[in-house]
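Asks: Structure: protein_33.pdb, PDB, C-alpha atoms.
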```
ATOM      1  CA  MET A 199      75.583 -15.918 -52.065  1.00  0.00           C
ATOM      2  CA  SER A 200      75.076 -17.936 -48.899  1.00  0.00           C
ATOM      3  CA  HIS A 201      73.792 -21.488 -49.131  1.00  0.00           C
ATOM      4  CA  LYS A 202      70.928 -20.263 -46.938  1.00  0.00           C
ATOM      5  CA  THR A 203      69.639 -17.740 -49.491  1.00  0.00           C
ATOM      6  CA  TYR A 204      68.067 -17.871 -52.939  1.00  0.00           C
ATOM      7  CA  ILE A 205      66.589 -15.662 -55.652  1.00  0.00           C
ATOM      8  CA  PRO A 206      63.004 -16.705 -56.499  1.00  0.00           C
ATOM      9  CA  ALA A 207      62.586 -18.257 -59.948  1.00  0.00           C
ATOM     10  CA  GLY A 208      61.889 -15.696 -62.644  1.00  0.00           C
ATOM     11  CA  GLU A 209      63.289 -12.782 -60.637  1.00  0.00           C
ATOM     12  CA  THR A 210      66.471 -10.922 -61.538  1.00  0.00           C
ATOM     13  CA  PRO A 211      68.722  -9.954 -58.630  1.00  0.00           C
ATOM     14  CA  PRO A 212      69.419  -6.243 -58.195  1.00  0.00           C
ATOM     15  CA  ALA A 213      72.958  -4.914 -58.662  1.00  0.00           C
ATOM     16  CA  SER A 214      73.223  -4.545 -54.886  1.00  0.00           C
ATOM     17  CA  PRO A 215      70.960  -6.953 -52.985  1.00  0.00           C
ATOM     18  CA  ILE A 216      71.649  -5.328 -49.606  1.00  0.00           C
ATOM     19  CA  GLY A 217      71.221  -1.851 -51.072  1.00  0.00           C
ATOM     20  CA  ALA A 218      67.892  -2.780 -52.656  1.00  0.00           C
ATOM     21  CA  THR A 219      66.694  -4.375 -49.430  1.00  0.00           C
ATOM     22  CA  LEU A 220      67.689  -1.401 -47.266  1.00  0.00           C
ATOM     23  CA  GLU A 221      66.124   1.051 -49.740  1.00  0.00           C
ATOM     24  CA  SER A 222      62.898  -0.952 -49.739  1.00  0.00           C
ATOM     25  CA  LEU A 223      62.857  -1.148 -45.931  1.00  0.00           C
ATOM     26  CA  SER A 224      63.515   2.582 -45.652  1.00  0.00           C
ATOM     27  CA  GLY A 225      60.712   3.368 -48.109  1.00  0.00           C
ATOM     28  CA  THR A 226      58.274   1.099 -46.302  1.00  0.00           C
ATOM     29  CA  ILE A 227      59.067   2.720 -42.959  1.00  0.00           C
ATOM     30  CA  ALA A 228      58.646   6.222 -44.441  1.00  0.00           C
ATOM     31  CA  ALA A 229      55.281   5.233 -45.931  1.00  0.00           C
ATOM     32  CA  ARG A 230      54.063   4.020 -42.529  1.00  0.00           C
ATOM     33  CA  ARG A 231      54.055   7.626 -41.256  1.00  0.00           C
ATOM     34  CA  GLU A 232      50.666   7.858 -42.970  1.00  0.00           C
ATOM     35  CA  ALA A 233      49.360   4.519 -41.687  1.00  0.00           C
ATOM     36  CA  GLY A 234      46.912   4.296 -38.833  1.00  0.00           C
ATOM     37  CA  GLU A 235      47.449   3.318 -35.221  1.00  0.00           C
ATOM     38  CA  GLU A 236      47.114  -0.348 -36.222  1.00  0.00           C
ATOM     39  CA  SER A 237      50.624  -0.063 -37.684  1.00  0.00           C
ATOM     40  CA  TYR A 238      53.424  -0.848 -35.233  1.00  0.00           C
ATOM     41  CA  THR A 239      55.827   1.257 -37.292  1.00  0.00           C
ATOM     42  CA  HIS A 240      53.425   4.206 -37.299  1.00  0.00           C
ATOM     43  CA  ARG A 241      53.157   4.023 -33.514  1.00  0.00           C
ATOM     44  CA  LEU A 242      56.955   4.004 -33.197  1.00  0.00           C
ATOM     45  CA  LEU A 243      57.234   6.987 -35.546  1.00  0.00           C
ATOM     46  CA  SER A 244      54.509   9.067 -33.932  1.00  0.00           C
ATOM     47  CA  GLY A 245      54.501   7.950 -30.298  1.00  0.00           C
ATOM     48  CA  SER A 246      56.952   8.656 -27.528  1.00  0.00           C
ATOM     49  CA  VAL A 247      60.565   8.544 -28.658  1.00  0.00           C
ATOM     50  CA  ASP A 248      61.206   6.419 -25.587  1.00  0.00           C
ATOM     51  CA  ASP A 249      59.275   3.554 -27.208  1.00  0.00           C
ATOM     52  CA  VAL A 250      61.635   3.245 -30.170  1.00  0.00           C
ATOM     53  CA  LEU A 251      64.703   3.912 -28.018  1.00  0.00           C
ATOM     54  CA  LYS A 252      63.703   1.109 -25.647  1.00  0.00           C
ATOM     55  CA  LYS A 253      63.263  -1.240 -28.602  1.00  0.00           C
ATOM     56  CA  ILE A 254      66.714  -0.384 -29.967  1.00  0.00           C
ATOM     57  CA  MET A 255      68.281  -1.041 -26.571  1.00  0.00           C
ATOM     58  CA  GLU A 256      66.305  -4.276 -26.135  1.00  0.00           C
ATOM     59  CA  GLU A 257      67.169  -5.566 -29.600  1.00  0.00           C
ATOM     60  CA  ALA A 258      70.844  -4.609 -29.263  1.00  0.00           C
ATOM     61  CA  GLY A 259      70.976  -6.596 -26.023  1.00  0.00           C
ATOM     62  CA  GLU A 260      69.352  -9.556 -27.771  1.00  0.00           C
ATOM     63  CA  VAL A 261      71.974  -9.372 -30.532  1.00  0.00           C
ATOM     64  CA  ALA A 262      74.731  -9.468 -27.913  1.00  0.00           C
ATOM     65  CA  LEU A 263      73.155 -12.484 -26.195  1.00  0.00           C
ATOM     66  CA  ALA A 264      72.631 -14.265 -29.512  1.00  0.00           C
ATOM     67  CA  ALA A 265      76.277 -13.690 -30.442  1.00  0.00           C
ATOM     68  CA  LYS A 266      77.343 -15.149 -27.108  1.00  0.00           C
ATOM     69  CA  ASP A 267      75.216 -18.238 -27.851  1.00  0.00           C
ATOM     70  CA  VAL A 268      76.962 -18.666 -31.216  1.00  0.00           C
ATOM     71  CA  GLU A 269      80.344 -18.328 -29.536  1.00  0.00           C
ATOM     72  CA  SER A 270      79.365 -20.770 -26.810  1.00  0.00           C
ATOM     73  CA  TRP A 271      78.337 -23.464 -29.302  1.00  0.00           C
ATOM     74  CA  ALA A 272      81.502 -22.908 -31.339  1.00  0.00           C
ATOM     75  CA  CYS A 273      83.765 -23.072 -28.283  1.00  0.00           C
ATOM     76  CA  SER A 274      82.057 -26.112 -26.787  1.00  0.00           C
ATOM     77  CA  SER A 275      82.321 -27.913 -30.136  1.00  0.00           C
ATOM     78  CA  LEU A 276      85.992 -27.022 -30.418  1.00  0.00           C
ATOM     79  CA  ALA A 277      86.630 -28.155 -26.835  1.00  0.00           C
ATOM     80  CA  ALA A 278      84.883 -31.467 -27.506  1.00  0.00           C
ATOM     81  CA  ALA A 279      86.906 -31.989 -30.679  1.00  0.00           C
ATOM     82  CA  LEU A 280      90.139 -31.226 -28.841  1.00  0.00           C
ATOM     83  CA  ALA A 281      89.235 -33.658 -26.083  1.00  0.00           C
ATOM     84  CA  CYS A 282      88.455 -36.407 -28.599  1.00  0.00           C
ATOM     85  CA  GLN A 283      91.663 -35.715 -30.466  1.00  0.00           C
ATOM     86  CA  ALA A 284      93.724 -35.848 -27.272  1.00  0.00           C
ATOM     87  CA  ASP A 285      92.230 -39.263 -26.526  1.00  0.00           C
ATOM     88  CA  SER A 286      92.971 -40.613 -30.013  1.00  0.00           C
ATOM     89  CA  VAL A 287      96.445 -39.127 -30.563  1.00  0.00           C
ATOM     90  CA  GLN A 288      99.101 -41.209 -28.906  1.00  0.00           C
ATOM     91  CA  GLU A 289     102.627 -40.896 -30.220  1.00  0.00           C
ATOM     92  CA  GLU A 290     101.795 -39.089 -33.436  1.00  0.00           C
ATOM     93  CA  GLU A 291     101.241 -35.324 -33.295  1.00  0.00           C
ATOM     94  CA  ALA A 292      98.044 -34.061 -34.902  1.00  0.00           C
ATOM     95  CA  THR A 293      98.304 -31.721 -37.871  1.00  0.00           C
ATOM     96  CA  SER A 294      94.629 -30.850 -38.280  1.00  0.00           C
ATOM     97  CA  LEU A 295      91.456 -30.807 -36.265  1.00  0.00           C
ATOM     98  CA  ASP A 296      88.043 -31.822 -37.530  1.00  0.00           C
ATOM     99  CA  VAL A 297      85.213 -30.052 -35.727  1.00  0.00           C
ATOM    100  CA  ASP A 298      81.645 -31.120 -36.284  1.00  0.00           C
ATOM    101  CA  LEU A 299      79.418 -28.231 -35.291  1.00  0.00           C
ATOM    102  CA  PRO A 300      76.082 -29.330 -33.831  1.00  0.00           C
ATOM    103  CA  THR A 301      72.779 -28.173 -35.316  1.00  0.00           C
ATOM    104  CA  GLU A 302      72.440 -25.877 -32.292  1.00  0.00           C
ATOM    105  CA  TYR A 303      75.357 -23.838 -33.658  1.00  0.00           C
ATOM    106  CA  SER A 304      73.562 -23.237 -36.972  1.00  0.00           C
ATOM    107  CA  ASP A 305      70.349 -22.468 -35.090  1.00  0.00           C
ATOM    108  CA  ALA A 306      72.222 -19.927 -32.957  1.00  0.00           C
ATOM    109  CA  VAL A 307      73.682 -18.271 -36.070  1.00  0.00           C
ATOM    110  CA  ASP A 308      70.183 -18.068 -37.578  1.00  0.00           C
ATOM    111  CA  HIS A 309      68.896 -16.506 -34.344  1.00  0.00           C
ATOM    112  CA  LEU A 310      71.716 -13.933 -34.406  1.00  0.00           C
ATOM    113  CA  ARG A 311      70.744 -12.974 -37.962  1.00  0.00           C
ATOM    114  CA  TYR A 312      67.099 -12.603 -36.854  1.00  0.00           C
ATOM    115  CA  GLU A 313      67.996 -10.350 -33.921  1.00  0.00           C
ATOM    116  CA  ALA A 314      70.388  -8.263 -36.047  1.00  0.00           C
ATOM    117  CA  ALA A 315      67.535  -7.598 -38.486  1.00  0.00           C
ATOM    118  CA  ASP A 316      65.413  -6.368 -35.562  1.00  0.00           C
ATOM    119  CA  VAL A 317      68.144  -3.875 -34.622  1.00  0.00           C
ATOM    120  CA  VAL A 318      68.428  -2.583 -38.200  1.00  0.00           C
ATOM    121  CA  TYR A 319      64.648  -2.213 -38.519  1.00  0.00           C
ATOM    122  CA  HIS A 320      64.334  -0.245 -35.269  1.00  0.00           C
ATOM    123  CA  LEU A 321      67.384   1.874 -36.126  1.00  0.00           C
ATOM    124  CA  PHE A 322      65.819   2.746 -39.479  1.00  0.00           C
ATOM    125  CA  VAL A 323      62.588   3.718 -37.713  1.00  0.00           C
ATOM    126  CA  LEU A 324      64.583   6.073 -35.474  1.00  0.00           C
ATOM    127  CA  LEU A 325      66.415   7.589 -38.451  1.00  0.00           C
ATOM    128  CA  GLU A 326      63.118   8.126 -40.293  1.00  0.00           C
ATOM    129  CA  ARG A 327      61.592   9.708 -37.196  1.00  0.00           C
ATOM    130  CA  TYR A 328      64.245  12.429 -37.337  1.00  0.00           C
ATOM    131  CA  GLY A 329      64.364  12.821 -41.109  1.00  0.00           C
ATOM    132  CA  ILE A 330      67.684  11.084 -41.746  1.00  0.00           C
ATOM    133  CA  ASP A 331      67.221   9.365 -45.101  1.00  0.00           C
ATOM    134  CA  LEU A 332      69.176   6.397 -46.386  1.00  0.00           C
ATOM    135  CA  ASP A 333      71.491   8.526 -48.559  1.00  0.00           C
ATOM    136  CA  GLU A 334      72.425  10.724 -45.611  1.00  0.00           C
ATOM    137  CA  PHE A 335      73.065   7.654 -43.464  1.00  0.00           C
ATOM    138  CA  ALA A 336      75.168   6.111 -46.254  1.00  0.00           C
ATOM    139  CA  ALA A 337      77.101   9.389 -46.542  1.00  0.00           C
ATOM    140  CA  GLU A 338      77.921   9.208 -42.826  1.00  0.00           C
ATOM    141  CA  LEU A 339      79.248   5.680 -43.262  1.00  0.00           C
ATOM    142  CA  ASN A 340      81.161   6.627 -46.424  1.00  0.00           C
ATOM    143  CA  ASN A 341      82.774   9.597 -44.696  1.00  0.00           C
ATOM    144  CA  ARG A 342      84.253   7.200 -42.143  1.00  0.00           C
ATOM    145  CA  MET A 343      85.999   5.135 -44.821  1.00  0.00           C
ATOM    146  CA  THR A 344      89.338   5.794 -46.443  1.00  0.00           C
ATOM    147  CA  ASP A 345      89.448   6.627 -50.141  1.00  0.00           C
ATOM    148  CA  GLU A 346      90.465   3.029 -50.846  1.00  0.00           C
ATOM    149  CA  GLU A 347      87.582   1.574 -48.816  1.00  0.00           C
ATOM    150  CA  ARG A 348      84.804   3.898 -50.003  1.00  0.00           C
ATOM    151  CA  PRO A 349      82.725   2.742 -52.989  1.00  0.00           C
ATOM    152  CA  CYS A 350      83.413   4.664 -56.178  1.00  0.00           C
ATOM    153  CA  GLY A 351      80.789   7.386 -56.483  1.00  0.00           C
ATOM    154  CA  GLY A 352      79.608   6.828 -52.906  1.00  0.00           C
ATOM    155  CA  VAL A 353      77.562   9.693 -51.495  1.00  0.00           C
ATOM    156  CA  ARG A 354      79.445  11.965 -49.065  1.00  0.00           C
ATOM    157  CA  LEU A 355      78.540  14.571 -46.443  1.00  0.00           C
ATOM    158  CA  HIS A 356      79.364  18.218 -47.014  1.00  0.00           C
ATOM    159  CA  GLU A 357      82.051  19.249 -44.524  1.00  0.00           C
ATOM    160  CA  ALA A 358      79.623  21.558 -42.672  1.00  0.00           C
ATOM    161  CA  PHE A 359      77.570  18.507 -41.683  1.00  0.00           C
ATOM    162  CA  VAL A 360      80.424  16.276 -40.516  1.00  0.00           C
ATOM    163  CA  LYS A 361      80.086  15.976 -36.750  1.00  0.00           C
ATOM    164  CA  ARG A 362      82.248  13.800 -34.558  1.00  0.00           C
ATOM    165  CA  GLY A 363      80.587  13.289 -31.201  1.00  0.00           C
ATOM    166  CA  LYS A 364      79.080  16.077 -29.122  1.00  0.00           C
TER     167      LYS A 364
END
```
Hey, can you dump this file as structure tokens for me?
Replies:
Amino acid sequence: MSHKTYIPAGETPPASPIGATLESLSGTIAARREAGEESYTHRLLSGSVDDVLKKIMEEAGEVALAAKDVESWACSSLAAALACQADSVQEEEATSLDVDLPTEYSDAVDHLRYEAADVVYHLFVLLERYGIDLDEFAAELNNRMTDEERPCGGVRLHEAFVKRGK
């Protein structure tokens, strides 16, 4: 578990934290079909498909920009460390490099995580809109894995439903 995460006191973690989270998200989105217009998810499910497609494109772009920010902070920190090392190393060749990442790097990583969650949420709304449930989506992912990579007992697609492109 990441140092940034925790399990609330008195709660028992599920066997698969990501699985439980994605199942809960999927169920919540499905339930919002019956919500009123005050629900953002309901409006995405029942409104113009262009609305949810625009959000997916927007959020995917924000993920790309956030990843570039992370990379920028990492590279600038590495460059600064290399410059400092070059100044301090005279006749002796360096064998390691200490890089102190600034707080902006951690902030950028946190922002990337935030934007990635937006993409997953909007993708799940789109899948729900067209009746693709979490098991079917998991089966698509599992079908793309080798036998060694695929989880034991992982759901699979029947051959008639395996489509590769248009």
Asks: Under the PyMOL selection byres ((chain A and resi 201-204) around 12), which residues of this model are included? Write them out as a ChimeraX atom specification.
Replies: /A:199-200,205-211,215,304,307-308,311
Asks: Limited to C-alpha atoms, could you put the picked residues into a file as a short mmCIF file (atom, residue, chain, number, x, y, z; two decimals), in the frame of the given file?
Replies:
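Okay, selection.cif is ready:
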```
data_model
loop_
_atom_site.label_atom_id
_atom_site.label_comp_id
_atom_site.auth_asym_id
_atom_site.auth_seq_id
_atom_site.Cartn_x
_atom_site.Cartn_y
_atom_site.Cartn_z
CA MET A 199 75.58 -15.92 -52.06
CA SER A 200 75.08 -17.94 -48.90
CA ILE A 205 66.59 -15.66 -55.65
CA PRO A 206 63.00 -16.70 -56.50
CA ALA A 207 62.59 -18.26 -59.95
CA GLY A 208 61.89 -15.70 -62.64
CA GLU A 209 63.29 -12.78 -60.64
CA THR A 210 66.47 -10.92 -61.54
CA PRO A 211 68.72 -9.95 -58.63
CA PRO A 215 70.96 -6.95 -52.98
CA SER A 304 73.56 -23.24 -36.97
CA VAL A 307 73.68 -18.27 -36.07
CA ASP A 308 70.18 -18.07 -37.58
CA ARG A 311 70.74 -12.97 -37.96
#
```
Asks: Please measure the separation of atom CA of Asp267 of chain A and atom CA of Ala306 of chain A, giving the value in Å to one decimal.
Replies: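 Going from atom CA of Asp267 of chain A over to atom CA of Ala306 of chain A covers 6.2 Å.
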Asks: Distance cut-off 12 Å, centre (55.7, -2.9, -36.5) in file coordinates, counting only C-alpha atoms: which residues qualify? Return them as a list in words.
Replies: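 Residues satisfying the cut-off, written out: Leu223, Thr226, Ile227, Arg230, Arg231, Ala233, Gly234, Glu235, Glu236, Ser237, Tyr238, Thr239, His240, Arg241, Leu242, Leu243, Asp249, Val250, Lys253, Asp316, Tyr319, His320, Phe322 and Val323 of chain A.
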Asks: Write out as an MDAnalysis selection string each polymer residue whose atoms come within 9 Å of segment 360-364 of chain A, counting only C-alpha atoms; drop sequence neighbours fewer than 5 positions from it.
Replies: chainID A and resid 338 341 355
Asks: Near Ala336 of chain A, counting only C-alpha atoms, which residues have an atom at most 10 Å away, once you skip same-chain residues fewer than 3 positions from it, shown as a PDB file with C-alpha atoms, in the coordinates of the input?
Replies:
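around-v1.pdb written:
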```pdb
ATOM      1  CA  ASP A 331      67.221   9.365 -45.101  1.00  0.00           C
ATOM      2  CA  LEU A 332      69.176   6.397 -46.386  1.00  0.00           C
ATOM      3  CA  ASP A 333      71.491   8.526 -48.559  1.00  0.00           C
ATOM      4  CA  LEU A 339      79.248   5.680 -43.262  1.00  0.00           C
ATOM      5  CA  ASN A 340      81.161   6.627 -46.424  1.00  0.00           C
ATOM      6  CA  ASN A 341      82.774   9.597 -44.696  1.00  0.00           C
ATOM      7  CA  GLY A 352      79.608   6.828 -52.906  1.00  0.00           C
ATOM      8  CA  VAL A 353      77.562   9.693 -51.495  1.00  0.00           C
ATOM      9  CA  ARG A 354      79.445  11.965 -49.065  1.00  0.00           C
ATOM     10  CA  LEU A 355      78.540  14.571 -46.443  1.00  0.00           C
TER      11      LEU A 355
END
```
Asks: Find the residues around Glu257 of chain A up to 12 Å (only C-alpha atoms counted), leave out those fewer than 3 positions away in its own chain, and share them as a JSON list (two decimals) with C-alpha atoms, in the frame of the given file.
Replies:
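Wrote it out as selection25.json, contents follow:
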```
[["chain", "number", "residue", "atom", "x", "y", "z"],
["A", 250, "VAL", "CA", 61.64, 3.24, -30.17],
["A", 251, "LEU", "CA", 64.70, 3.91, -28.02],
["A", 252, "LYS", "CA", 63.70, 1.11, -25.65],
["A", 253, "LYS", "CA", 63.26, -1.24, -28.60],
["A", 254, "ILE", "CA", 66.71, -0.38, -29.97],
["A", 260, "GLU", "CA", 69.35, -9.56, -27.77],
["A", 261, "VAL", "CA", 71.97, -9.37, -30.53],
["A", 262, "ALA", "CA", 74.73, -9.47, -27.91],
["A", 263, "LEU", "CA", 73.16, -12.48, -26.20],
["A", 264, "ALA", "CA", 72.63, -14.26, -29.51],
["A", 310, "LEU", "CA", 71.72, -13.93, -34.41],
["A", 311, "ARG", "CA", 70.74, -12.97, -37.96],
["A", 312, "TYR", "CA", 67.10, -12.60, -36.85],
["A", 313, "GLU", "CA", 68.00, -10.35, -33.92],
["A", 314, "ALA", "CA", 70.39, -8.26, -36.05],
["A", 315, "ALA", "CA", 67.54, -7.60, -38.49],
["A", 316, "ASP", "CA", 65.41, -6.37, -35.56],
["A", 317, "VAL", "CA", 68.14, -3.88, -34.62],
["A", 318, "VAL", "CA", 68.43, -2.58, -38.20],
["A", 319, "TYR", "CA", 64.65, -2.21, -38.52],
["A", 320, "HIS", "CA", 64.33, -0.24, -35.27],
["A", 321, "LEU", "CA", 67.38, 1.87, -36.13]]
```
Asks: Considering only C-alpha atoms, can you say which of A:Ala228, A:Ala258, A:Asp305, A:Arg342 comes closest to Tyr328 of chain A?
Replies: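 Looking only at the distances to Tyr328 of chain A, the closest residue turns out to be A:Ala228.
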Asks: Using only C-alpha atoms, can you tell me which of A:Lys266, A:Ala213, A:Glu326, A:Tyr303 comes closest to Ala229 of chain A?
Replies: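 Ranking A:Lys266, A:Ala213, A:Glu326, A:Tyr303 by distance to Ala229 of chain A, first place goes to A:Glu326.
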Asks: Interatomic distance between atom CA of Pro212 of chain A and atom CA of Arg327 of chain A?
Replies: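 According to the coordinates, atom CA of Pro212 of chain A and atom CA of Arg327 of chain A are separated by 27.5 Å.
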